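Asker: File final.cif follows (mmCIF, C-alpha atoms and all ligand atoms):
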```
data_upload
loop_
_atom_site.label_atom_id
_atom_site.label_comp_id
_atom_site.auth_asym_id
_atom_site.auth_seq_id
_atom_site.Cartn_x
_atom_site.Cartn_y
_atom_site.Cartn_z
CA MET A 1 -8.27 184.29 53.72
CA SER A 2 -6.57 184.85 50.42
CA SER A 3 -8.45 186.76 47.79
CA ASP A 4 -6.36 185.60 44.85
CA PRO A 5 -8.79 183.55 42.69
CA ARG A 6 -5.84 181.39 41.74
CA ASP A 7 -5.70 179.94 45.23
CA ARG A 8 -9.21 178.55 45.03
CA ILE A 9 -8.59 177.06 41.58
CA VAL A 10 -5.48 175.28 42.80
CA GLU A 11 -7.10 174.19 46.03
CA LEU A 12 -10.08 172.60 44.23
CA ASP A 13 -7.78 171.17 41.58
CA LYS A 14 -5.62 169.41 44.12
CA ARG A 15 -8.65 168.16 46.02
CA ARG A 16 -10.66 166.87 43.03
CA VAL A 17 -8.95 166.78 39.67
CA TRP A 18 -7.12 163.67 38.52
CA HIS A 19 -4.63 164.83 35.91
CA PRO A 20 -3.67 162.88 32.79
CA TYR A 21 -0.21 161.34 32.57
CA THR A 22 0.57 162.70 36.00
CA ALA A 23 2.01 161.10 39.12
CA MET A 24 -0.60 162.53 41.42
CA GLN A 25 1.28 162.22 44.70
CA SER A 26 4.21 164.35 43.64
CA TYR A 27 1.82 166.65 41.79
CA ARG A 28 -0.15 167.30 44.95
CA GLU A 29 2.88 167.63 47.14
CA ARG A 30 5.29 169.54 44.97
CA VAL A 31 3.80 170.98 41.81
CA ASP A 32 2.69 174.57 41.58
CA PRO A 33 0.60 174.32 38.41
CA LEU A 34 0.44 176.84 35.66
CA VAL A 35 -3.10 178.20 36.01
CA VAL A 36 -4.21 179.27 32.57
CA ALA A 37 -6.92 181.87 32.37
CA GLU A 38 -6.76 182.81 28.70
CA ALA A 39 -4.85 182.07 25.55
CA HIS A 40 -4.27 184.18 22.48
CA GLY A 41 -2.17 183.41 19.45
CA ALA A 42 0.85 181.40 20.53
CA ARG A 43 0.56 182.44 24.18
CA LEU A 44 -1.08 181.08 27.30
CA VAL A 45 -1.93 183.69 29.90
CA ASP A 46 -2.10 182.84 33.60
CA THR A 47 -4.48 184.25 36.21
CA ARG A 48 -1.96 186.95 37.06
CA GLY A 49 -1.69 188.16 33.49
CA ARG A 50 1.70 186.62 32.82
CA SER A 51 2.06 185.05 29.38
CA TYR A 52 3.88 181.90 28.31
CA ILE A 53 4.68 180.87 24.77
CA ASP A 54 2.82 177.62 24.10
CA ALA A 55 5.76 175.54 22.87
CA ASN A 56 3.68 172.43 22.19
CA ALA A 57 0.52 174.06 20.82
CA SER A 58 -1.42 172.66 23.79
CA TRP A 59 -0.76 168.98 23.29
CA TRP A 60 0.06 169.34 19.61
CA SER A 61 -3.36 170.46 18.56
CA CYS A 62 -3.64 174.24 18.25
CA ALA A 63 -2.12 174.40 14.79
CA LEU A 64 -3.49 177.90 14.21
CA GLY A 65 -2.78 179.21 17.69
CA HIS A 66 -5.38 180.12 20.28
CA GLY A 67 -8.48 182.13 19.59
CA HIS A 68 -8.13 182.44 15.84
CA PRO A 69 -10.83 184.98 14.95
CA ARG A 70 -12.11 183.01 11.98
CA LEU A 71 -12.53 179.84 14.04
CA ILE A 72 -14.29 181.72 16.80
CA GLU A 73 -16.61 183.31 14.28
CA ALA A 74 -17.34 179.94 12.63
CA LEU A 75 -18.14 178.45 16.02
CA ARG A 76 -20.35 181.36 17.01
CA ARG A 77 -22.26 181.29 13.73
CA GLN A 78 -22.79 177.53 13.91
CA SER A 79 -23.83 177.62 17.55
CA GLU A 80 -26.71 179.92 16.70
CA ARG A 81 -28.11 177.44 14.16
CA LEU A 82 -27.36 173.87 15.18
CA CYS A 83 -25.19 172.64 18.02
CA HIS A 84 -25.82 168.95 17.87
CA THR A 85 -27.66 166.27 16.00
CA SER A 86 -26.92 162.61 15.59
CA LEU A 87 -25.51 161.42 12.31
CA ALA A 88 -27.68 158.29 12.22
CA GLY A 89 -29.96 158.70 9.25
CA VAL A 90 -29.32 162.44 9.41
CA ALA A 91 -27.18 164.61 7.18
CA HIS A 92 -26.09 168.15 7.88
CA GLU A 93 -24.18 170.78 6.02
CA GLY A 94 -21.12 170.78 8.25
CA ALA A 95 -20.49 167.04 8.04
CA SER A 96 -21.11 166.99 4.28
CA GLU A 97 -18.96 169.98 3.39
CA LEU A 98 -16.16 168.97 5.74
CA ALA A 99 -16.03 165.46 4.28
CA GLU A 100 -15.76 166.92 0.79
CA ALA A 101 -13.10 169.43 1.85
CA ILE A 102 -10.92 166.93 3.69
CA CYS A 103 -11.05 164.41 0.84
CA ARG A 104 -9.90 167.14 -1.55
CA VAL A 105 -6.70 167.68 0.42
CA ALA A 106 -6.23 164.05 1.50
CA PRO A 107 -3.66 161.71 -0.02
CA SER A 108 -5.02 160.25 -3.24
CA GLY A 109 -7.50 157.42 -3.04
CA LEU A 110 -9.02 158.39 0.30
CA GLU A 111 -12.64 159.06 -0.54
CA HIS A 112 -14.78 158.32 2.49
CA VAL A 113 -14.87 159.86 5.95
CA PHE A 114 -15.91 158.23 9.22
CA TYR A 115 -16.17 160.78 12.02
CA SER A 116 -15.34 160.36 15.67
CA ASP A 117 -14.16 162.71 18.37
CA ASN A 118 -10.51 162.14 19.22
CA GLY A 119 -7.30 160.65 17.95
CA SER A 120 -7.65 157.39 19.85
CA THR A 121 -11.08 156.72 18.43
CA ALA A 122 -9.90 157.64 14.93
CA VAL A 123 -7.38 154.78 15.20
CA GLU A 124 -9.82 152.47 17.00
CA VAL A 125 -12.22 152.97 14.07
CA ALA A 126 -9.48 151.98 11.64
CA MET A 127 -8.79 148.81 13.64
CA LYS A 128 -12.43 147.78 13.70
CA LEU A 129 -12.94 148.64 10.04
CA ALA A 130 -9.97 146.46 9.12
CA LEU A 131 -11.13 143.52 11.24
CA GLN A 132 -14.70 143.64 10.02
CA TYR A 133 -13.67 144.18 6.41
CA TRP A 134 -11.70 140.94 6.34
CA ALA A 135 -14.28 139.07 8.39
CA GLN A 136 -16.98 139.71 5.81
CA ASN A 137 -14.89 139.74 2.66
CA GLY A 138 -13.52 136.24 2.60
CA ARG A 139 -10.47 136.50 4.86
CA PRO A 140 -11.77 135.98 8.40
CA GLU A 141 -8.39 134.67 9.53
CA ARG A 142 -6.91 138.19 9.27
CA LYS A 143 -7.35 139.13 12.90
CA ARG A 144 -4.01 140.50 14.05
CA PHE A 145 -2.25 143.81 13.70
CA ALA A 146 1.33 144.84 13.17
CA ALA A 147 2.63 148.12 14.57
CA LEU A 148 5.90 149.88 15.25
CA GLN A 149 8.16 149.69 18.24
CA GLU A 150 7.69 152.81 20.33
CA GLY A 151 4.54 153.67 18.39
CA PHE A 152 1.76 155.61 20.08
CA HIS A 153 -1.86 155.60 19.00
CA GLY A 154 -3.82 156.79 22.00
CA GLU A 155 -5.72 155.61 25.02
CA THR A 156 -8.48 153.09 24.33
CA LEU A 157 -7.75 149.45 25.09
CA GLY A 158 -7.62 148.63 21.38
CA VAL A 159 -5.06 151.25 20.46
CA THR A 160 -3.14 150.65 23.68
CA ALA A 161 -2.39 147.22 22.22
CA LEU A 162 -0.94 148.87 19.11
CA GLY A 163 1.21 151.17 21.19
CA GLY A 164 4.83 150.19 21.62
CA LEU A 165 5.83 152.32 24.60
CA GLU A 166 6.41 149.93 27.46
CA VAL A 167 5.49 152.28 30.27
CA PHE A 168 1.99 152.85 28.89
CA ARG A 169 1.37 149.16 28.16
CA ARG A 170 2.67 147.59 31.33
CA PRO A 171 -0.41 147.89 33.57
CA PHE A 172 -2.56 146.24 30.88
CA GLU A 173 -0.20 143.48 29.83
CA GLY A 174 -2.13 140.26 29.36
CA ALA A 175 -5.38 142.08 28.62
CA LEU A 176 -4.29 143.48 25.25
CA LEU A 177 -4.65 142.20 21.69
CA ASP A 178 -1.61 140.38 20.44
CA VAL A 179 0.29 142.72 18.10
CA LEU A 180 3.33 142.02 15.95
CA ARG A 181 6.03 144.54 16.65
CA VAL A 182 8.19 145.99 13.86
CA ALA A 183 11.28 148.13 14.45
CA PRO A 184 11.55 151.35 12.45
CA PRO A 185 15.04 152.37 11.33
CA ARG A 186 16.64 154.77 13.79
CA SER A 187 19.42 155.86 11.40
CA ASP A 188 20.03 155.87 7.66
CA ASP A 189 22.38 152.92 8.11
CA ALA A 190 19.59 150.90 9.67
CA LEU A 191 17.14 151.42 6.80
CA ASP A 192 17.94 148.32 4.74
CA ALA A 193 17.88 146.01 7.74
CA ALA A 194 14.59 147.48 8.97
CA CYS A 195 13.00 147.05 5.53
CA ALA A 196 14.27 143.48 5.35
CA ALA A 197 12.86 142.70 8.80
CA LEU A 198 9.50 144.18 7.82
CA GLU A 199 9.57 142.11 4.65
CA ARG A 200 10.18 138.93 6.68
CA THR A 201 7.42 139.77 9.13
CA LEU A 202 4.90 140.28 6.35
CA ALA A 203 6.07 137.20 4.45
CA GLU A 204 5.67 135.04 7.56
CA SER A 205 2.55 136.57 9.07
CA GLY A 206 0.93 138.71 6.37
CA ASP A 207 -1.85 136.17 5.90
CA SER A 208 -3.02 136.62 9.46
CA LEU A 209 -2.73 140.42 9.49
CA ALA A 210 -5.66 142.80 9.20
CA ALA A 211 -3.48 145.92 9.03
CA LEU A 212 -0.13 147.50 9.67
CA VAL A 213 -0.65 150.66 11.71
CA MET A 214 2.03 153.32 11.94
CA GLU A 215 2.61 156.98 12.61
CA SER A 216 3.93 158.58 9.44
CA VAL A 217 7.64 159.49 9.70
CA VAL A 218 7.51 161.06 13.19
CA GLN A 219 6.80 159.10 16.36
CA GLY A 220 5.71 161.91 18.62
CA ALA A 221 5.05 160.35 22.02
CA ALA A 222 8.15 158.17 21.68
CA GLY A 223 10.10 161.41 22.07
CA MET A 224 9.92 163.04 18.64
CA LYS A 225 11.73 160.16 16.94
CA PHE A 226 11.93 160.31 13.16
CA TYR A 227 12.40 157.45 10.72
CA ALA A 228 13.32 157.55 7.04
CA PRO A 229 10.33 158.06 4.73
CA ASP A 230 11.75 155.21 2.62
CA PHE A 231 10.66 152.87 5.40
CA LEU A 232 7.08 154.04 5.00
CA ARG A 233 7.40 153.59 1.24
CA ALA A 234 8.64 150.02 1.80
CA ALA A 235 5.71 149.41 4.15
CA ARG A 236 3.31 150.52 1.42
CA GLN A 237 4.87 148.15 -1.13
CA LEU A 238 4.91 145.21 1.26
CA CYS A 239 1.32 145.83 2.38
CA ASP A 240 0.32 145.83 -1.29
CA ARG A 241 2.21 142.62 -1.93
CA HIS A 242 0.54 140.81 0.97
CA ASP A 243 -2.81 142.57 0.72
CA VAL A 244 -2.57 143.99 4.24
CA PHE A 245 -4.19 147.37 4.96
CA LEU A 246 -1.79 150.19 5.73
CA VAL A 247 -3.17 152.61 8.32
CA CYS A 248 -1.30 155.89 8.74
CA ASP A 249 -1.90 157.58 12.07
CA GLU A 250 -1.56 161.27 11.19
CA VAL A 251 -3.24 162.49 14.35
CA PHE A 252 -0.08 164.41 15.25
CA THR A 253 1.76 164.63 11.91
CA GLY A 254 -1.16 165.81 9.78
CA TYR A 255 -2.05 169.41 9.00
CA GLY A 256 1.44 170.49 8.10
CA ARG A 257 3.19 169.62 11.35
CA THR A 258 6.10 168.06 9.43
CA GLY A 259 6.01 170.43 6.43
CA PRO A 260 3.59 169.00 3.87
CA MET A 261 -0.10 168.63 4.74
CA TRP A 262 0.42 164.94 5.55
CA ALA A 263 3.66 163.32 6.65
CA CYS A 264 3.03 160.34 4.34
CA GLU A 265 3.69 162.78 1.49
CA HIS A 266 7.38 162.61 2.45
CA ALA A 267 7.21 159.01 1.23
CA GLY A 268 4.95 159.78 -1.74
CA ILE A 269 2.43 157.15 -0.64
CA SER A 270 -1.24 156.91 0.29
CA PRO A 271 -2.50 154.62 3.03
CA ASP A 272 -5.70 152.58 2.90
CA MET A 273 -6.86 154.45 5.96
CA LEU A 274 -5.71 157.71 7.46
CA CYS A 275 -6.49 158.91 10.97
CA SER A 276 -6.76 162.62 11.68
CA ALA A 277 -7.48 164.55 14.89
CA LYS A 278 -5.61 167.27 16.86
CA GLY A 279 -4.93 169.74 13.99
CA PHE A 280 -8.16 168.58 12.34
CA SER A 281 -10.10 171.04 14.50
CA ALA A 282 -6.98 173.08 15.34
CA GLY A 283 -7.44 172.23 18.99
CA MET A 284 -10.74 173.98 19.34
CA LEU A 285 -13.16 171.08 19.78
CA PRO A 286 -12.86 167.31 20.08
CA MET A 287 -13.15 166.16 16.49
CA ALA A 288 -11.57 163.38 14.45
CA ALA A 289 -11.89 161.48 11.22
CA THR A 290 -10.84 158.17 9.75
CA LEU A 291 -10.49 158.41 5.98
CA THR A 292 -10.73 155.28 3.85
CA THR A 293 -10.40 154.16 0.27
CA ARG A 294 -13.38 153.18 -1.82
CA ARG A 295 -12.33 149.55 -1.47
CA VAL A 296 -12.70 149.64 2.31
CA PHE A 297 -16.02 151.48 2.08
CA GLU A 298 -17.44 149.10 -0.50
CA GLY A 299 -16.55 146.14 1.71
CA PHE A 300 -19.41 147.24 3.96
CA LEU A 301 -22.09 147.53 1.26
CA GLY A 302 -24.78 144.92 0.79
CA ALA A 303 -27.01 143.38 3.43
CA ALA A 304 -27.62 145.16 6.73
CA ASP A 305 -25.47 142.72 8.67
CA ARG A 306 -22.46 143.99 6.72
CA ALA A 307 -22.86 147.52 8.10
CA PHE A 308 -20.34 149.07 10.45
CA TYR A 309 -22.22 149.11 13.74
CA TYR A 310 -20.17 151.78 15.37
CA GLY A 311 -20.68 155.46 16.10
CA HIS A 312 -19.84 157.83 18.91
CA THR A 313 -22.54 160.13 20.25
CA PHE A 314 -20.71 163.21 19.04
CA CYS A 315 -19.46 161.89 15.70
CA GLY A 316 -19.72 164.58 13.07
CA ASN A 317 -20.85 167.11 15.69
CA PRO A 318 -22.00 170.25 13.84
CA LEU A 319 -19.94 172.63 15.98
CA GLY A 320 -16.80 170.58 15.48
CA ALA A 321 -17.54 170.16 11.79
CA ALA A 322 -18.02 173.90 11.29
CA VAL A 323 -14.73 174.63 13.00
CA ALA A 324 -12.85 171.87 11.16
CA ARG A 325 -14.18 173.14 7.86
CA GLU A 326 -13.04 176.66 8.68
CA VAL A 327 -9.61 175.28 9.64
CA LEU A 328 -9.20 173.94 6.11
CA ALA A 329 -10.37 177.25 4.66
CA VAL A 330 -7.81 179.11 6.76
CA PHE A 331 -5.06 176.68 5.75
CA GLU A 332 -5.85 177.37 2.13
CA GLU A 333 -6.59 181.09 2.19
CA GLU A 334 -3.85 182.09 4.63
CA ARG A 335 -1.36 179.75 2.95
CA VAL A 336 -0.43 178.34 6.32
CA LEU A 337 1.94 175.64 5.05
CA GLU A 338 3.89 178.07 2.89
CA ALA A 339 4.07 180.68 5.61
CA ALA A 340 5.41 178.08 8.03
CA LYS A 341 8.41 177.19 5.84
CA PRO A 342 10.75 179.96 7.01
CA LYS A 343 9.64 179.31 10.58
CA ALA A 344 10.52 175.64 10.17
CA GLU A 345 13.94 176.64 8.85
CA ARG A 346 14.53 178.78 11.91
CA ILE A 347 13.62 175.85 14.17
CA ALA A 348 16.01 173.55 12.30
CA GLN A 349 18.82 176.09 12.41
CA SER A 350 18.37 176.89 16.07
CA PHE A 351 18.23 173.24 17.17
CA SER A 352 21.26 172.36 15.09
CA GLU A 353 23.18 175.19 16.78
CA MET A 354 22.30 173.73 20.17
CA GLU A 355 24.40 170.66 19.35
CA ALA A 356 27.36 172.70 20.66
CA LEU A 357 25.86 172.90 24.16
CA PRO A 358 27.38 170.47 26.66
CA GLY A 359 24.99 167.62 27.47
CA VAL A 360 22.84 168.06 24.35
CA ALA A 361 22.49 165.07 22.03
CA ARG A 362 20.80 164.38 18.72
CA PRO A 363 19.27 167.75 17.87
CA ARG A 364 16.78 167.18 15.09
CA ALA A 365 14.03 168.98 13.26
CA ILE A 366 11.35 168.37 10.68
CA GLY A 367 8.74 170.94 9.72
CA MET A 368 7.41 172.68 12.79
CA ILE A 369 9.06 170.24 15.20
CA GLY A 370 12.44 170.72 16.84
CA ALA A 371 13.78 168.27 19.43
CA LEU A 372 16.91 167.35 21.32
CA ASP A 373 17.89 164.79 23.93
CA LEU A 374 19.39 165.79 27.24
CA GLY A 375 22.59 163.76 27.19
CA ALA A 376 23.44 160.76 29.31
CA SER A 377 26.48 162.10 31.13
CA ALA A 378 24.80 163.81 34.04
CA ASP A 379 23.85 161.68 37.04
CA TYR A 380 21.04 164.07 37.87
CA LEU A 381 19.61 163.29 34.45
CA ALA A 382 16.39 161.91 35.85
CA ASP A 383 15.11 165.36 36.58
CA ALA A 384 16.94 167.32 33.89
CA GLY A 385 13.79 167.53 31.78
CA TRP A 386 11.89 168.86 34.75
CA ARG A 387 14.55 171.51 35.35
CA VAL A 388 14.32 172.63 31.73
CA TYR A 389 10.58 172.96 32.22
CA GLU A 390 11.03 175.11 35.33
CA GLU A 391 13.70 177.29 33.73
CA ALA A 392 11.56 177.83 30.64
CA ARG A 393 8.53 178.67 32.74
CA ALA A 394 10.48 181.30 34.63
CA ARG A 395 11.47 182.77 31.26
CA GLY A 396 7.92 182.79 29.86
CA ALA A 397 7.47 179.56 27.91
CA TYR A 398 5.39 176.45 28.52
CA LEU A 399 7.89 173.81 27.41
CA ARG A 400 6.95 170.40 28.72
CA PRO A 401 9.55 167.76 27.87
CA LEU A 402 8.87 164.11 27.07
CA GLY A 403 11.17 162.55 29.66
CA ASN A 404 14.63 163.74 28.66
CA VAL A 405 13.50 164.96 25.24
CA VAL A 406 13.10 168.72 24.99
CA TYR A 407 11.05 169.74 21.99
CA VAL A 408 8.99 172.48 20.44
CA ALA A 409 5.91 171.97 18.29
CA PRO A 410 4.35 175.43 18.33
CA PRO A 411 1.35 176.67 16.36
CA LEU A 412 2.19 176.70 12.66
CA ASN A 413 1.37 180.40 12.52
CA ILE A 414 3.38 181.41 15.58
CA PRO A 415 4.47 185.03 15.04
CA ASP A 416 8.16 185.31 14.15
CA ALA A 417 8.93 187.37 17.24
CA ASP A 418 7.37 184.73 19.51
CA LEU A 419 9.26 181.99 17.72
CA GLU A 420 12.58 183.81 18.18
CA GLU A 421 11.80 184.35 21.83
CA LEU A 422 10.84 180.68 22.25
CA LEU A 423 14.03 179.43 20.61
CA ALA A 424 16.14 181.70 22.81
CA ILE A 425 14.28 180.42 25.88
CA VAL A 426 14.85 176.79 24.87
CA ARG A 427 18.54 177.45 24.48
CA SER A 428 19.05 179.29 27.74
CA SER A 429 16.84 176.90 29.71
CA VAL A 430 18.75 173.87 28.45
CA GLU A 431 22.06 175.61 29.11
CA VAL A 432 21.15 176.52 32.68
CA ALA A 433 19.47 173.20 33.47
CA LEU A 434 22.50 171.22 32.33
CA ALA A 435 25.13 173.46 33.91
CA PRO A 436 27.15 171.69 36.63
CA ARG A 437 26.01 172.79 40.07
C1 LIG B 1 -2.33 162.21 20.43
C2 LIG B 1 -2.25 161.05 19.54
C3 LIG B 1 -3.27 160.08 19.50
C4 LIG B 1 -4.46 160.13 20.44
O1 LIG B 1 -5.25 161.23 20.24
P1 LIG B 1 -6.27 161.68 21.42
O2 LIG B 1 -7.05 162.78 20.80
O3 LIG B 1 -5.42 162.11 22.55
O4 LIG B 1 -7.09 160.50 21.75
C5 LIG B 1 -3.18 159.06 18.59
N1 LIG B 1 -2.12 158.97 17.77
C6 LIG B 1 -1.13 159.86 17.77
C7 LIG B 1 0.00 159.71 16.82
C8 LIG B 1 -1.15 160.92 18.67
O5 LIG B 1 -0.13 161.80 18.72
#
```
Before anything else, please render the file you have as structure tokens.
Answerer:
Amino acid sequence: MSSDPRDRIVELDKRRVWHPYTAMQSYRERVDPLVVAEAHGARLVDTRGRSYIDANASWWSCALGHGHPRLIEALRRQSERLCHTSLAGVAHEGASELAEAICRVAPSGLEHVFYSDNGSTAVEVAMKLALQYWAQNGRPERKRFAALQEGFHGETLGVTALGGLEVFRRPFEGALLDVLRVAPPRSDDALDAACAALERTLAESGDSLAALVMESVVQGAAGMKFYAPDFLRAARQLCDRHDVFLVCDEVFTGYGRTGPMWACEHAGISPDMLCSAKGFSAGMLPMAATLTTRRVFEGFLGAADRAFYYGHTFCGNPLGAAVAREVLAVFEEERVLEAAKPKAERIAQSFSEMEALPGVARPRAIGMIGALDLGASADYLADAGWRVYEEARARGAYLRPLGNVVYVAPPLNIPDADLEELLAIVRSSVEVALAPR
């Protein structure tokens, strides 16, 4: 019998664990998983002590890398005092201080914080707040949502309806809320037409809409697709004109991922509601928040039947709150956004240089995101992304593509040497994976 502990982990995994977003048959038959034992800084370490640069910050969340000493210390300190309490009729320091701290750095006008525990629920909360707001404030006919083509907002049935990625919707078609679909501009030339189409949609259907929900500027799950911030600005103006709530899903784009703290800052606008998760707790604990304006909050004041009867067991969890509060302190004191600027420039430069590689299309970058498409010429395209993944893994990076989109979204504080190594690995992995065989 083998004595490598890895064998037992993989054996139990394949017998019992149902992996997310994974075709389990081919996983069981063909995949030799990366077995992570530890992670430090920008690196994952496997059971054999081999390290891999974490190119996507572990599903876009570890904005400050793994094992940041200040976050660990905040968690340890909090765990000795209070691990959990409900937030129903209870206040605690972590939830109070975090709400104050996040509102201070939030886009203007966002003054109230509703806690939940993941990105999907942060958006689900926004949907329910919007519906109930209109139901009890004189516009009960506002029951529909508008959202973007190829948008992604998470996993619950409510936000699945908002999502515009066909492959994720298909199994649930017919069981989802009816959502109006709006196309974001995919090039500068398309901006005017996209704004005009949005204007028509709101003119025709604005009266029946509770909210327009959109990711700010970057559509992550769609394959790191960017749209012009002017489109978001137009959305703000049109939502104002038709009195429709604008919800910005900043679960991925928040916390400096695109440069500024919030991606809606590229457009110089504030939404009526903003959803934050992932970077909110820097990937340490499940923690999320939906921020709202005073107007939304005040729409729930008055008699008890106007209250928002909603709350997850772990909303405002003291451990998560302590960590999330420390995350904001680290962002401020370690000047994380400023320090990331030269790193972002290196990502942009390196991806733009990869345009010269045969088979590479549309290299693009914004903030701490770099992405490229594996071009359409190759007939073995279907598994080109997979080959890039394997090549990168052999070279010491965990670089999981989105279909044929190869991207990096590393921790914002990735050490320069790790970033250089990662960019070199991306380049050589793409080169080798696309080379004619
Ligand atoms: C990841 C993501 C979500 C869902 O967050 P979970 O924590 O996985 O539920 C929602 N919206 C966007 C834009 C995301 O990237």
Asker: Using all atoms listed in the file, which of the listed residues (A:Ala55, A:Ala74, A:Met354, A:Ala146) sits closest to Pro410 in chain A?
Answerer: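 Closest to Pro410 in chain A of all the choices is A:Ala55.
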Asker: Using all atoms listed in the file, which of the listed residues (A:Asp7, A:Tyr115, A:Arg427, A:Val432) sits closest to Glu355 in chain A?
Answerer: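 Once distances to Glu355 in chain A are computed over all atoms listed in the file, the minimum belongs to A:Arg427.
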Asker: In Å, with one decimal, what is the gap from CA of Asp54 in chain A to CA of His40 in chain A?
Answerer: 9.8 Å
Asker: Between CA of Gly158 in chain A and CA of Arg306 in chain A, what distance in Å does the model show, to one decimal?
Answerer: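 Result for CA of Gly158 in chain A versus CA of Arg306 in chain A: 21.4 Å, one decimal.
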Asker: State, in Å with one decimal place, the distance from CA of Gly359 in chain A to CA of Ala222 in chain A.
Answerer: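 Taking CA of Gly359 in chain A as the start and CA of Ala222 in chain A as the end point, the length is 20.2 Å.
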Asker: If we count all atoms listed in the file and set the cut-off at 7 Å, which residues sit around Cys315 in chain A, ignoring sequence neighbours fewer than 4 positions away in its own chain? Please answer as an MDAnalysis selection string.
Answerer: chainID A and resid 87 115:117 311
Asker: Please write out the residues within 6 Å of ligand LIG 1 (chain B) as a ChimeraX atom specification, counting only C-alpha atoms and all ligand atoms.
Answerer: /A:118-120,152-154,215,220,249,251-252
Asker: A:Asp207, A:Ile269, A:Ala321, A:Glu11: which is nearest Ala234 in chain A, counting only C-alpha atoms?
Answerer: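 Nearest candidate to Ala234 in chain A out of A:Asp207, A:Ile269, A:Ala321, A:Glu11: A:Ile269.
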Asker: Measuring between only C-alpha atoms, which one of A:Glu199, A:Ala304, A:Leu176, A:Leu412 shows the shortest distance to Gly41 in chain A?
Answerer: A:Leu412
Asker: I want to know what sits within 10 Å of Gln237 in chain A, based on all atoms listed in the file, with residues of the same chain fewer than 4 positions away left out; could you give that as a PyMOL selection string?
Answerer: chain A and resi 199+231-233+241-243+246+269
Asker: Dump C-alpha atoms for the selected residues as a short mmCIF file (atom, residue, chain, number, x, y, z; two decimals), in the frame of the given file?
Answerer:
```cif
data_model
loop_
_atom_site.label_atom_id
_atom_site.label_comp_id
_atom_site.auth_asym_id
_atom_site.auth_seq_id
_atom_site.Cartn_x
_atom_site.Cartn_y
_atom_site.Cartn_z
CA GLU A 199 9.57 142.11 4.65
CA PHE A 231 10.66 152.87 5.40
CA LEU A 232 7.08 154.04 5.00
CA ARG A 233 7.40 153.59 1.24
CA ARG A 241 2.21 142.62 -1.93
CA HIS A 242 0.54 140.81 0.97
CA ASP A 243 -2.81 142.57 0.72
CA LEU A 246 -1.79 150.19 5.73
CA ILE A 269 2.43 157.15 -0.64
#
```
Asker: Any idea what's packed within 12 Å of Val388 in chain A, counting only C-alpha atoms, ignoring anything in its chain fewer than 6 positions away? Could you give it as a ChimeraX atom specification?
Answerer: /A:372-374,381-382,394-395,397-407,425-435
Asker: Which residues, protein or nucleic acid, reach to within 9 Å of (-0.4, 146.8, 19.8) in the file's coordinates when using all atoms listed in the file, and can you give that as a list in words?
Answerer: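 Here the neighbourhood of the point contains Phe145, Ala146, Ala147, Leu148, Gly151, His153, Gly158, Val159, Thr160, Ala161, Leu162, Gly163, Gly164, Arg169, Leu176, Leu177, Asp178, Val179, Leu180, Arg181 and Val213 of chain A.
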Asker: Point out the residue among A:Ala228, A:Ala101, A:Met127, A:Ala175 with the least atom-to-atom distance to Ala190 in chain A, counting only C-alpha atoms.
Answerer: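 With only C-alpha atoms as the atom set, the closest residue is A:Ala228.
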Asker: Could you list, as a VMD selection string, every residue within 12 Å of Leu274 in chain A, counting all atoms listed in the file and ignoring same-chain residues fewer than 3 positions away?
Answerer: chain A and resid 102 to 103 106 to 115 119 122 to 127 129 212 to 216 245 to 254 262 to 264 269 to 271 277 288 to 293 296
Asker: Just checking: using all atoms listed in the file, which residue out of A:Gly367, A:Tyr133, A:Phe351, A:Arg104 ends up closest to Val217 in chain A?
Answerer: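 Checking each candidate against Val217 in chain A, we get A:Gly367 as the closest.
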Asker: For Gln136 in chain A, work out the shell of residues within 10 Å, counting only C-alpha atoms and skipping chain neighbours fewer than 2 positions away, then give it as a list in words.
Answerer: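 Listed by chain and then number, they are Leu131, Gln132, Tyr133, Trp134, Gly138, Arg139, Pro140, Gly299, Phe300, Asp305 and Arg306 of chain A.
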Asker: Show me a table, sorted first by chain and then by increasing residue number, of the residues of range 65-182 of chain A having an atom at most 12 Å from range 13-28 of chain A, each with its shortest atom pair and the distance in Å to one decimal, counting only C-alpha atoms and written as JSON lines.
Answerer:
```
{"residue": "A:Glu155", "atom": "CA", "partner": "A:Pro20", "partner_atom": "CA", "distance": 10.8}
{"residue": "A:Val167", "atom": "CA", "partner": "A:Tyr21", "partner_atom": "CA", "distance": 10.9}
{"residue": "A:Phe168", "atom": "CA", "partner": "A:Tyr21", "partner_atom": "CA", "distance": 9.5}
```
Asker: Keeping only C-alpha atoms, write the selected residues to a file as a short mmCIF file (atom, residue, chain, number, x, y, z; two decimals), keeping the file's coordinate frame.
Answerer:
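Below is the file that was written, selection.cif:
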```
data_model
loop_
_atom_site.label_atom_id
_atom_site.label_comp_id
_atom_site.auth_asym_id
_atom_site.auth_seq_id
_atom_site.Cartn_x
_atom_site.Cartn_y
_atom_site.Cartn_z
CA GLU A 155 -5.72 155.61 25.02
CA VAL A 167 5.49 152.28 30.27
CA PHE A 168 1.99 152.85 28.89
#
```
